Amino acid sequence: MPTKQQSQITGELANYKYGFKVEEKYQFKSGKGLTEETVRLISEHKKEPRWMLDFRLKAYKIFMEKPMPTWGSPLLKEVNFENIHYYIKPTDRKSRSWEDVPAEIKNTFDRLGVPQAERKFLAGVGAQYESETVYHSLQKHLEEKGVIFVDTDTAVQKYPDIVRKYFATVVPPRDNKLAALNSAVWSGGSFVYIPRGVHVELPLQAYFRINAENAGQFERTLIIAEEGSSVHYTEGCTAPIYATDSLHSAVVEIIVHRGARIQYTTVQNWSKNVFNLVTKRAIAHEDATMMWLDCNIGSKLTMKYPSIYLRGRGARGEILSIAFANRDQHQDAGGKIYHLAPDTSSIINAKSVSTGGGRTSYRGMLHIAEGAERSRSRVTCDALLLDHDSSTDTYPTMQINENNVAVAHEATVTKISEEQLFYLMSRGLSEQEASNMIVNGFLAPLIKEFPMEYALELNRLIALEMEGSIG
Amino acid sequence: MSQLIVKNLHVNVGEKEILKGISLRVNSGEVHAIMGPNGSGKSTLANSLMGHPKYTITGGHIALDGNDITKFEPDKRAQLGLFLSFQYPQEVPGVKYANFLRQAKNALLASKNEPVVKIPDFLKLLKEKMKLLKFPENFIERSVNEGFSGGEKKRAEILQMALFEPKFAILDETDSGLDIDALKTVARGASTIAKDTNCGVVLITHYQRILNYMNPDFVHIMHDGRIVKTGGSEIVEEIEEKGYEPLMSSSAAESNPVIA
């Protein structure tokens, strides 16, 4: 029986654009709450090798021991680990072609526009529906070049040597409580391997989606770019309406070898009851380039700080972060860069918009290790407030342990001005249109970095979010 | 024939009364110059006509073609054919000038239930108007007013006037901060547009020099929130010779023949 609080949330989410829900049909759904037994069941169900089970059990112990982070958002206290399903497997089949995907699931993707996007320029699609990947396609020429793009469960079975070599080397279970949780119960996610010298021209895309009430999503993504290769990986999230809180806690690990380049683009639009607590980290070796393009629009609370360890001489890192917080939302986002070698360079550019009483936080770390001579870094964070009820705050941390470096930091907070609105409205634009224009202009320098389809989707999502938040 | 009528307009900023009963009647194709020393309320008049939220109308009314627009939002006033060339045009970072102009033009068209203009047609129209105001082609790629020189901002305002084809244009100190070449371009541009479209102009200025390029049909002198004298262009010469001082005597306040 729904409680009063539940029906309230449903009411608030009633406008959610992607908030349709298909009937649940699952082959296996673990009970709520997490026990060692659940962890064993997950591993057994996946017929995993012993080393992965051992890894999970070790991580489970760490999860149980580690306290919740005491920093970050006060909303973090609302996460209830006892009230979450840790594993759901919607179907046994794994499809290579669109025709093989079950109608129900296809229906969901149809409504999200996945096939359209695919037809246009996808090189491969890994779409995560619940905790298991049900659909994978990869263009033939990529396969011929030795590119691997599969769900991580498949990778454990088919490519154990590569997985064992890199898995949990970038984000170990001890890193934080949520990374430990993910390590214990992870399921799905993408495994991408780009062999030496191979350039993947079109972005690899994966759509993620939660569809079961209280279903935690614990995908685990691992991307390796060998020497001199390049790839652009993109993920977009939408989730349907639910009346109780959901948890999404992913781990993404990236290794960029010498002279390689990886761009990782995220459009996060979880429904407004999802806790989105994600650990994303990349290691960039000599002369490698890593770029995170991170856009957070949805969720109730997001705490996510993509990070880059510049480990080799001449490595470059760039983090572009967009956050949009509306009513009852807290976007606590930013980025972390660690300069661990000489001649490394980095850029962090974060822009946030708060409206309707929403809150954004920029949380960043710039670390320059002793000996990382001639490192250069530029950190910029700009916040735009659309009304008096909304808020923003910044937590920039800098640890500079080397003298011979160039570091610049700039932060601005702007409130949308009466004069600007008046100017635009005097040209015939409504207040809503004028506000949209100001917000679009504010975000434009970052949005133009997204692939065109994403840029369009983003502008649409933001316009949608702006509706009703003015006046 | 359109008509903009301002009747006994009283305007406050906060608690302070700035306009103390302004009346004005402007017909299509007429140029009305409003002159006066700093602080006389000229810019308050301009902003109040356009509906700036900071200015509270406490009495009187504004009518455009019989519609009482006193309480209308700025966008509705624009849609009915009112235009303000700003003294200090606002910057909108990240928004390309061409996109801004096209969206605004489409909003104006949509309010009249007219079809939106297609991008190629719009660009053709825009480039034509840009020539008139001597803008280089790459101008429209820049962000709205961001990094513009004073002259570019003012010329861009007149470009908007050319594009939006208002029934009435209020030019708020469009001449301020311009060198003589820029002033000529702006004034001649505005003059040409007004003639071509039979637009009524309210020209607010501190100095007479712009009037050399835009012949006013009426000149109104403002002082302390009132129009203290109205006449033809001969008043301009009077000011040039003697300054504003002699026109500000209390007796002058009585003469206001153009009151509607």
# chains A, B, ... in the order shown; residues from 1 in each chain; ligands from 1
$ interface_residues --of "chain A" --to "chain B" --cutoff "8 Å" --atoms "only C-alpha atoms" --output "ChimeraX atom specification"
/A:418-420,422-423,425-430,437-438,440-445
$ closest_residue --among "B:His220, B:Lys134, B:Lys184, B:Lys124" --to "Ser233 in chain B" --atoms "only C-alpha atoms"
B:His220
$ residues_around --residues "range 17-23 of chain B" --least-positions-apart "4" --cutoff "8 Å" --atoms "only C-alpha atoms" --output "PyMOL selection string"
chain B and resi 5-13+41+44-45+59-60+224-227+258-260
$ write_last_selection --atoms "C-alpha atoms" --output "tab-separated table (two decimals), in the first residue's frame"
chain	number	residue	atom	x	y	z
B	5	ILE	CA	-0.32	58.02	-26.93
B	6	VAL	CA	1.17	58.76	-23.54
B	7	LYS	CA	-1.24	60.47	-21.19
B	8	ASN	CA	-0.29	62.10	-17.91
B	9	LEU	CA	2.27	59.41	-17.11
B	10	HIS	CA	3.56	59.25	-13.53
B	11	VAL	CA	6.41	56.87	-12.77
B	12	ASN	CA	8.17	55.91	-9.58
B	13	VAL	CA	11.46	54.21	-8.99
B	41	GLY	CA	13.76	61.65	-16.61
B	44	THR	CA	12.97	56.68	-17.29
B	45	LEU	CA	10.43	57.61	-19.94
B	59	GLY	CA	-0.69	57.20	-12.83
B	60	GLY	CA	-1.70	57.88	-16.39
B	224	ASP	CA	12.34	67.39	-13.60
B	225	GLY	CA	10.00	64.70	-14.90
B	226	ARG	CA	7.91	67.05	-17.03
B	227	ILE	CA	7.86	68.28	-20.60
B	258	VAL	CA	0.92	68.70	-27.93
B	259	ILE	CA	-0.75	67.24	-24.84
B	260	ALA	CA	-3.26	64.71	-26.02
$ atom_distance --atom1 "CA of Leu461 in chain A" --atom2 "CA of Ser246 in chain A"
21.1 Å
$ residues_around --residues "Arg376 in chain A" --least-positions-apart "6" --cutoff "9 Å" --atoms "only C-alpha atoms" --output "list in words"
His339, Asp343, Thr344, Ser345, Ser346, Ile347, Val405, Ala406, Val407 and Ala408 of chain A
$ select_by_dssp --residues "range 157-254 of chain A" --states "strand (DSSP E or B)" --output "MDAnalysis selection string"
chainID A and resid 190:194 199 204:209 215 217 220:225 230:238 246:248 251:254
$ write_last_selection --atoms "C-alpha atoms" --output "PDB file, in the first residue's frame"
ATOM      1  CA  SER A 190      30.706  -1.994 -20.800  1.00  0.00           C
ATOM      2  CA  PHE A 191      34.055  -3.506 -21.533  1.00  0.00           C
ATOM      3  CA  VAL A 192      35.923  -1.726 -24.298  1.00  0.00           C
ATOM      4  CA  TYR A 193      39.329  -2.708 -25.598  1.00  0.00           C
ATOM      5  CA  ILE A 194      41.021  -0.765 -28.377  1.00  0.00           C
ATOM      6  CA  HIS A 199      41.222   4.689 -34.109  1.00  0.00           C
ATOM      7  CA  LEU A 204      30.585   3.867 -29.067  1.00  0.00           C
ATOM      8  CA  GLN A 205      27.288   4.352 -27.290  1.00  0.00           C
ATOM      9  CA  ALA A 206      25.598   2.636 -24.408  1.00  0.00           C
ATOM     10  CA  TYR A 207      22.225   3.456 -23.023  1.00  0.00           C
ATOM     11  CA  PHE A 208      21.542   2.715 -19.417  1.00  0.00           C
ATOM     12  CA  ARG A 209      18.200   2.399 -17.876  1.00  0.00           C
ATOM     13  CA  ALA A 215      16.634  -1.773  -8.458  1.00  0.00           C
ATOM     14  CA  GLN A 217      22.246  -0.324 -10.884  1.00  0.00           C
ATOM     15  CA  ARG A 220      31.040  -1.735 -14.013  1.00  0.00           C
ATOM     16  CA  THR A 221      32.774  -0.254 -17.006  1.00  0.00           C
ATOM     17  CA  LEU A 222      36.341  -0.860 -18.039  1.00  0.00           C
ATOM     18  CA  ILE A 223      37.940   0.827 -21.031  1.00  0.00           C
ATOM     19  CA  ILE A 224      41.469   0.217 -22.224  1.00  0.00           C
ATOM     20  CA  ALA A 225      43.078   2.123 -25.083  1.00  0.00           C
ATOM     21  CA  SER A 230      41.665   6.407 -29.739  1.00  0.00           C
ATOM     22  CA  VAL A 231      37.995   6.016 -28.879  1.00  0.00           C
ATOM     23  CA  HIS A 232      35.019   8.100 -27.823  1.00  0.00           C
ATOM     24  CA  TYR A 233      32.602   6.350 -25.498  1.00  0.00           C
ATOM     25  CA  THR A 234      29.227   7.869 -24.687  1.00  0.00           C
ATOM     26  CA  GLU A 235      26.501   6.976 -22.245  1.00  0.00           C
ATOM     27  CA  GLY A 236      23.108   8.503 -21.692  1.00  0.00           C
ATOM     28  CA  CYS A 237      20.696   7.728 -18.907  1.00  0.00           C
ATOM     29  CA  THR A 238      16.982   8.012 -18.495  1.00  0.00           C
ATOM     30  CA  SER A 246      16.584   4.036  -6.320  1.00  0.00           C
ATOM     31  CA  LEU A 247      20.320   3.780  -6.130  1.00  0.00           C
ATOM     32  CA  HIS A 248      22.684   3.975  -9.039  1.00  0.00           C
ATOM     33  CA  VAL A 251      32.352   2.252 -11.198  1.00  0.00           C
ATOM     34  CA  VAL A 252      34.136   3.296 -14.357  1.00  0.00           C
ATOM     35  CA  GLU A 253      37.815   2.532 -14.850  1.00  0.00           C
ATOM     36  CA  ILE A 254      39.840   3.810 -17.752  1.00  0.00           C
TER      37      ILE A 254
END
$ select_by_dssp --residues "range 36-231 of chain B" --states "helix (DSSP H, G or I)" --output "ChimeraX atom specification"
/B:42-50,74-79,97-111,119-132,137-141,150-164,180-197,209-212
$ closest_residue --among "B:Arg209, B:Lys154, B:Arg25, B:Lys131" --to "Glu237 in chain B" --atoms "only C-alpha atoms"
B:Arg209
$ residues_around --residues "Asp151 in chain A" --least-positions-apart "3" --cutoff "7 Å" --atoms "only C-alpha atoms" --output "number ranges by chain"
A: 133, 154-155, 188-191
$ write_last_selection --atoms "C-alpha atoms" --output "compact mmCIF listing (two decimals), in the first residue's frame"
# COMPACT_ATOMS: atom_id res chain seq x y z
CA THR A 133 23.11 -6.33 -20.99
CA THR A 154 30.79 -11.40 -21.09
CA ALA A 155 34.29 -10.00 -20.91
CA GLY A 188 26.75 -5.36 -16.60
CA GLY A 189 28.48 -2.24 -17.77
CA SER A 190 30.71 -1.99 -20.80
CA PHE A 191 34.05 -3.51 -21.53
$ atom_distance --atom1 "CA of Thr58 in chain B" --atom2 "CA of Leu4 in chain B"
19.1 Å
$ residues_around --residues "Phe324 in chain A" --least-positions-apart "6" --cutoff "9 Å" --atoms "only C-alpha atoms" --output "list of chain:residue names"
A:Cys295, A:Asn296, A:Ile297, A:Gly298, A:His330, A:Gln331, A:Lys351, A:Ser352, A:Val353, A:Ser354, A:Thr355, A:Gly358, A:Arg359, A:Thr360, A:Ile462, A:Glu465
$ write_last_selection --atoms "N, CA and C atoms" --output "mmCIF file, in the first residue's frame"
data_model
loop_
_atom_site.group_PDB
_atom_site.id
_atom_site.type_symbol
_atom_site.label_atom_id
_atom_site.label_comp_id
_atom_site.auth_asym_id
_atom_site.auth_seq_id
_atom_site.Cartn_x
_atom_site.Cartn_y
_atom_site.Cartn_z
ATOM 1 N N CYS A 295 27.670 15.447 -17.980
ATOM 2 C CA CYS A 295 26.524 16.335 -17.867
ATOM 3 C C CYS A 295 25.464 15.704 -16.975
ATOM 4 N N ASN A 296 25.116 16.393 -15.899
ATOM 5 C CA ASN A 296 24.154 15.867 -14.934
ATOM 6 C C ASN A 296 22.916 16.747 -14.882
ATOM 7 N N ILE A 297 21.788 16.141 -15.294
ATOM 8 C CA ILE A 297 20.531 16.896 -15.291
ATOM 9 C C ILE A 297 19.528 16.248 -14.342
ATOM 10 N N GLY A 298 19.509 14.932 -14.338
ATOM 11 C CA GLY A 298 18.519 14.213 -13.540
ATOM 12 C C GLY A 298 19.031 13.815 -12.173
ATOM 13 N N HIS A 330 20.010 17.950 -5.826
ATOM 14 C CA HIS A 330 21.353 18.418 -5.480
ATOM 15 C C HIS A 330 22.352 17.766 -6.429
ATOM 16 N N GLN A 331 22.980 18.592 -7.224
ATOM 17 C CA GLN A 331 24.031 18.099 -8.119
ATOM 18 C C GLN A 331 25.367 18.472 -7.498
ATOM 19 N N LYS A 351 30.360 24.112 -15.326
ATOM 20 C CA LYS A 351 29.293 25.108 -15.359
ATOM 21 C C LYS A 351 28.044 24.497 -14.749
ATOM 22 N N SER A 352 27.402 25.261 -13.876
ATOM 23 C CA SER A 352 26.193 24.739 -13.261
ATOM 24 C C SER A 352 25.075 25.762 -13.315
ATOM 25 N N VAL A 353 23.835 25.233 -13.385
ATOM 26 C CA VAL A 353 22.650 26.080 -13.386
ATOM 27 C C VAL A 353 21.732 25.588 -12.267
ATOM 28 N N SER A 354 21.294 26.506 -11.413
ATOM 29 C CA SER A 354 20.344 26.136 -10.358
ATOM 30 C C SER A 354 19.058 26.921 -10.559
ATOM 31 N N THR A 355 17.949 26.192 -10.456
ATOM 32 C CA THR A 355 16.656 26.863 -10.609
ATOM 33 C C THR A 355 15.624 26.199 -9.706
ATOM 34 N N GLY A 358 16.760 24.455 -6.567
ATOM 35 C CA GLY A 358 17.764 23.390 -6.669
ATOM 36 C C GLY A 358 19.131 23.854 -6.189
ATOM 37 N N ARG A 359 19.994 22.874 -5.912
ATOM 38 C CA ARG A 359 21.317 23.194 -5.402
ATOM 39 C C ARG A 359 22.396 22.538 -6.260
ATOM 40 N N THR A 360 23.409 23.305 -6.605
ATOM 41 C CA THR A 360 24.568 22.727 -7.267
ATOM 42 C C THR A 360 25.794 22.963 -6.403
ATOM 43 N N ILE A 462 17.192 20.421 -21.307
ATOM 44 C CA ILE A 462 17.292 21.629 -20.487
ATOM 45 C C ILE A 462 16.058 22.505 -20.672
ATOM 46 N N GLU A 465 13.399 21.017 -18.669
ATOM 47 C CA GLU A 465 13.603 21.285 -17.248
ATOM 48 C C GLU A 465 13.202 22.709 -16.886
#
$ closest_residue --among "B:Leu133, B:Cys199, B:Leu159, B:Ile210" --to "Thr174 in chain B" --atoms "only C-alpha atoms"
B:Ile210
$ residues_around --residues "Phe218 in chain B" --least-positions-apart "5" --cutoff "10 Å" --atoms "only C-alpha atoms" --output "number ranges by chain"
B: 26, 30-34, 202, 230-235, 258
$ write_last_selection --atoms "C-alpha atoms" --output "CSV table (one decimal), in the first residue's frame"
chain,number,residue,atom,x,y,z
B,26,VAL,CA,3.3,60.3,-31.8
B,30,GLU,CA,6.8,61.4,-37.1
B,31,VAL,CA,10.1,62.0,-35.4
B,32,HIS,CA,9.8,63.4,-31.9
B,33,ALA,CA,13.0,64.5,-30.2
B,34,ILE,CA,13.0,64.5,-26.4
B,202,VAL,CA,10.9,59.0,-30.1
B,230,THR,CA,7.4,71.7,-27.1
B,231,GLY,CA,8.0,73.1,-30.6
B,232,GLY,CA,9.8,72.6,-33.9
B,233,SER,CA,13.4,72.2,-34.7
B,234,GLU,CA,13.9,76.0,-33.9
B,235,ILE,CA,14.1,75.0,-30.2
B,258,VAL,CA,0.9,68.7,-27.9
$ atom_distance --atom1 "CA of Asn459 in chain A" --atom2 "CA of Leu446 in chain A"
11.7 Å
$ closest_residue --among "A:Leu384, A:Val147, A:Ala168, A:Leu366" --to "Val439 in chain A" --atoms "only C-alpha atoms"
A:Leu384
